[in-house]
Every structure is written in structure tokens, then in C-alpha cells.
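A.B. asks: Attaching a single structure in C-alpha cells format; questions to follow.
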Amino acid sequence: MYSNIRIEDLIPTIEKEEMVLIDVRSPSEYKNFTIPGSVNIPFFDDAERAEIGTLYKQVNVDAAKERGLEIISAKLPEFVREFNKVSGNKTVFCWRGGMRSRTTATLLSLMDIHVNRLEGGIREYRKWVVNQLEQPEVSVEAFVLNGLTGTGKTRILKVLQKEGYPVMDLEAMANHKGSIFGHIGAEPHNQKVFDSLLVHKMRELQNSPYVLFEAEGNRIGKAGIPPWLSEWKSRSLQLIIDMPMEERIKEILEDYQPEQHQQEFMEAFLRIKSRMPQEVAVQIEANLETEEYSDAVNLLLEYYYDSRYQHTGLQYPETQKKILKVQNIEEAIQAVKDHIPKLDATISKQFV
């Protein structure tokens with residue numbers, strides 16, 4: 001027989017990488033939100049799930065169950081083969097620990113494939129995430145990368161993370177670059193996905209000597225930042241990157257690659273066009289149409305992003321900020337390293 005497992009008992013096995021999580025919900029449910037690291041072996045595909053739901057609502061429960069049995073019976077051999085491909089300890093889950101995960105676990109046990117079944121399903125996991133966010137243990141010192149748009153803050157963090165520094169990449173969690181153009185070339189994560197990634201990263205970093213993250217607003221794409229994270233940012237030391245305009249333009253062009261996303265870039269610009277002087281907006285639009293992206297970015301920085309940052313990004317007392325005047329990204333990376341504690345080699349391996 002299969003075993004039931006509570007979310008409180010499952011989490012430690014996930015963090016120790018001792019458990020393979022298998023989401024048996026439909027592909028669209030899985031895509032919208034799942035437990036990080038899970039694989040998807042759907043009990044019903046999207047069309048089948050819609051059909052079962054219609055029968056449940058318009059006919060009755062028995063009709064839905066009967067049709068569900070017909071569907072799963074026809075594809076049972078392939079369904080079981082997919083589970084046989086997964087090695088290691090396994091836990092299956094569905095939306096609320098109901099029919100899909102229970103039936104899956106029962107069928108697999110008949111085939112001598114032992115799995116655990118998450119009690120309460122992903123709904124119980126979501127409750128756990130929300131509870132973690134409401135009661136965060138934030139006792140670690142933080143260093144916040146700050147500075148004007150285009151100073152390479154995200155790239156600096158990624159380099160430091162690869163070198164073993166304890167980094168919390170909020171933009172990666174949101175799958176959004178944090179500006180009006182931040183969604184281009186990506187599909188932003190929703191709030192549930194962001195929350196899950198944030199909670200697991202916070203737990204991973206809770207014993208680190210400090211944490212590095214980027215100064216963000218209250219929202220990154222579709223995701224809202226929890227109040228405690230904004231407060232943590234506000235009371236931490238700000239490492240403010242000061243870089244020449246030409247280097248910032250170069251960084252933005254490399255990061256956003258507008259020549260590959262011309263239509264999306266124009267559509268994003270049109271959403272902020274009314275927030276800057278008309279003659280400037282007209283010139284930027286003309287530059288985008290003629291693919292003069294360097295000139296367009298220069299004007300966007302001068303007349304939109306920089307003026308906004310002056311009102312919000314530099315409002316810290318002198319004792320709470322360090323201005324790192326650099327000429328390029330490479331100098332910025334070294335300057336940040338010079339202003340944070342050096343990590344013990346053993347500790348740094350934990351965060352690579």
C-alpha cells in the first residue's frame with residue numbers, strides 16, 4: 001500500500017533532495033503553479049479534465065467517475081511506464097489530495113511501485129508557503145545592490161552567485177527584469193510561483209553569514225514583494241553602483257536585445273509614452289521604428305528612468321550607503337566584493 005505524508009514531513013526530504021515530487025494534475029495546472037522541482041505525469045490531460053468537470057457539473061458525480069475510469073483504463077500501461085522511469089523515493093500529489101493522487105497511488109501499489117501521497121495536495125503546500133511568508137525569520141545581514149537602471153545589478157548578482165556567494169535573485173524568481181520592458185523574452189511567474197521560490201531560497205540561506213539581493217520596488221512583473229522584504233531592504237546597507245551612461249546603454253542592449261523583440265519593445269514603450277515630455281517621446285518612438293536602439297535607450301534613461309530613481313533610489317542616509325564609482329561591469333563586480341565580507345570556502349560551496 002502507499003503511504004500518506006504530511007507537508008511538514010515532506011519539506012525536509014525536498015530540501016535534502018531525498019524525494020522526487022510527481023504532480024499528477026493536468027499540464028495547464030502544472031504550468032500555472034506546482035511545487036518547485038516537481039515533474040508532471042498527468043492523470044488527465046487538459047481536455048480530459050475539462051470533460052470530467054463538465055460531467056460532474058451537468059450530469060452527476062457517478063457519471064464523471066465512470067468516464068474518468070474509462071479514460072485512465074485506456075492509458076494505464078503508459079501511465080505506469082512513466083512512473084517506472086522515475087527512480088528514487090516518490091511522492092505524488094494533486095490539487096487537494098483527492099481522487100487523482102489517491103487513485104494514482106493505489107494503482108501504482110498494485111504494480112509494486114511504492115509512492116507517498118501528499119495529504120491535502122498542493123493546496124496544503126500553498127498554505128505552508130503562505131504561513132512561512134507571514135512568519136519569516138529574517139535575522140541575516142543583507143547587502144542590497146542599488147543604482148540606476150542599466151548598472152548591471154542583476155548580472156553582478158549572477159556572477160557572484162556562480163562564485164558561491166549567498167545571493168537571492170528576486171528577478172529570477174519573478175522571471176521578470178523589473179522594468180516596463182522586463183517581461184520581454186520571458187513569461188513572468190505568477191504570485192504563487194514567486195512566493196514558493198522565495199520561501200525555499202530564504203530557507204536555503206537562513207544559516208548564511210549574509211545575503212545579497214537587488215533593490216526592487218513593491219512589484220516585479222506579476223509578483224508583489226512581501227512587506228517584510230521591503231523593510232529588510234530599507235534597513236540594510238545599500239551598495240550603489242555608479243557607472244557611465246555609455247556602459248549602462250551597452251548593458252541594457254545586451255540584456256534586453258531589442259532587435260530580437262522589436263514589436264514587444266515598441267508596445268512596452270507605448271505604455272509609458274505619456275509619462276515623459278512629448279517631444280522626447282516622439283523621438284524615442286522614431287528611434288525604435290528606425291532601430292536606433294542606442295539613442296532610444298539613452299533618452300529613456302535620461303528622461304524616464306533616471307529621474308524616477310532620483311526620487312526613490314537615493315533616499316538613504318550617508319551611513320547606510322556606499323557609492324561604488326566604476327567604469328564597467330567587471331569593476332563593479334570587484335567593487336561589490338571589496339565591500340562585503342569574504343566567504344569561507346566551505347560555506348561558499350553551499351550556495352553554488
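Labels used: A, B, ... for chains in the order of the C-alpha cells, numbers from 1 for residues in each chain, and numbers from 1 for ligands as shown.
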Hey, what's within 10 Å of His200 (chain A) if we count only C-alpha atoms and toss same-chain stuff fewer than 4 positions away? As a list in words, please?
C.D. replies: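 Surrounding residues, per the criterion: Ile11, Ile14, Glu15, Pro36, Val129, Gln132, Asp195, Ser196, Glu204, Leu205 and Gln206 of chain A.
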A.B. asks: Excluding Ser73 (chain A) and its own-chain neighbours fewer than 4 positions away, which residues fall within 12 Å of it when counting only C-alpha atoms? Please give them as a CSV table (one decimal) with N, CA and C atoms, in the first residue's frame.
C.D. replies:
chain,number,residue,atom,x,y,z
A,43,PHE,N,-2.7,12.7,-14.6
A,43,PHE,CA,-3.7,11.6,-14.6
A,43,PHE,C,-4.7,11.9,-15.7
A,44,PHE,N,-5.1,13.1,-15.9
A,44,PHE,CA,-5.9,13.6,-17.1
A,44,PHE,C,-5.2,14.7,-17.8
A,66,GLU,N,-17.3,7.4,-13.7
A,66,GLU,CA,-17.3,6.4,-14.7
A,66,GLU,C,-16.5,6.8,-16.0
A,67,ARG,N,-16.7,8.0,-16.4
A,67,ARG,CA,-15.9,8.4,-17.6
A,67,ARG,C,-14.4,8.5,-17.2
A,68,GLY,N,-14.1,9.0,-16.0
A,68,GLY,CA,-12.7,9.0,-15.6
A,68,GLY,C,-12.1,7.7,-15.6
A,69,LEU,N,-12.8,6.7,-15.2
A,69,LEU,CA,-12.3,5.3,-15.1
A,69,LEU,C,-12.0,4.8,-16.6
A,77,PRO,N,-1.3,1.4,-19.0
A,77,PRO,CA,0.1,0.9,-19.2
A,77,PRO,C,1.1,2.0,-19.4
A,78,GLU,N,0.8,3.0,-20.2
A,78,GLU,CA,1.8,4.1,-20.4
A,78,GLU,C,1.9,4.9,-19.2
A,79,PHE,N,0.8,5.1,-18.5
A,79,PHE,CA,0.9,5.9,-17.2
A,79,PHE,C,1.8,5.2,-16.2
A,80,VAL,N,1.7,3.9,-16.1
A,80,VAL,CA,2.6,3.2,-15.1
A,80,VAL,C,4.1,3.2,-15.6
A,103,THR,N,-6.1,7.7,-6.4
A,103,THR,CA,-6.2,6.6,-7.4
A,103,THR,C,-4.8,6.2,-8.0
A,104,THR,N,-4.0,7.3,-8.3
A,104,THR,CA,-2.6,7.0,-8.8
A,104,THR,C,-1.8,6.1,-7.8
A,107,LEU,N,-3.2,2.5,-7.7
A,107,LEU,CA,-2.9,1.8,-8.9
A,107,LEU,C,-1.4,1.4,-8.9
A.B. asks: Out of A:Val20, A:Leu133, A:Met266, A:Val59, which residue has the shortest atom-to-atom distance to Pro227 (chain A) when counting only C-alpha atoms?
C.D. replies: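 Of A:Val20, A:Leu133, A:Met266, A:Val59, the one nearest Pro227 (chain A) is A:Leu133, counting only C-alpha atoms.
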A.B. asks: Write out as CSV the residues of region 136-207 of chain A that have any atom within 12 Å of an atom of region 272-278 of chain A, one row each with the nearest atom pair and its distance in Å to one decimal, counting only C-alpha atoms, sorted by chain and then rising number.
C.D. replies:
residue,atom,partner,partner_atom,distance
A:Ser179,CA,A:Ile272,CA,11.0
A:Ile180,CA,A:Ile272,CA,7.9
A:Phe181,CA,A:Ile272,CA,10.3
A.B. asks: Determine the nearest neighbour of Asn4 (chain A) from the options A:Glu251, A:Glu29, A:Glu302, A:Glu119, counting only C-alpha atoms.
C.D. replies: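 Between A:Glu251, A:Glu29, A:Glu302, A:Glu119, the residue approaching Asn4 (chain A) most closely is A:Glu119.
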A.B. asks: Need to verify the contact set: Trp232 (chain A), 10 Å, only C-alpha atoms, exclusion of same-chain residues closer than 2 positions in sequence. Can you return it as a PyMOL selection string?
C.D. replies: chain A and resi 138-144+227-230+234-237
A.B. asks: Give me every alpha helix (DSSP H) residue in region 45-225 of chain A, going by DSSP on the backbone, as number ranges by chain.
C.D. replies: A: 46-58, 61-74, 76-84, 99-110, 121-134, 153-162, 170-174, 191-205
A.B. asks: Choose the residue, out of A:His114, A:Ile333, A:Pro188, A:Leu239, that has the smallest atom-to-atom separation from Lys158 (chain A); count only C-alpha atoms.
C.D. replies: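 Of A:His114, A:Ile333, A:Pro188, A:Leu239, the one nearest Lys158 (chain A), counting only C-alpha atoms, is A:Ile333.
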A.B. asks: From the set A:Glu134, A:Glu70, A:Glu231, A:Glu247, which residue has the shortest atom-to-atom contact distance to Asn328 (chain A), counting only C-alpha atoms?
C.D. replies: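 Nearest candidate to Asn328 (chain A) out of A:Glu134, A:Glu70, A:Glu231, A:Glu247: A:Glu247.
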A.B. asks: Report as a list in words all protein, DNA and RNA residues lying within 8 Å of Met19 (chain A), evaluated on only C-alpha atoms, omitting residues in the same chain fewer than 6 positions from it.
C.D. replies: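 After dropping sequence-adjacent residues, the list is Thr13, Gly88, Asn89, Lys90 and Thr91 of chain A.
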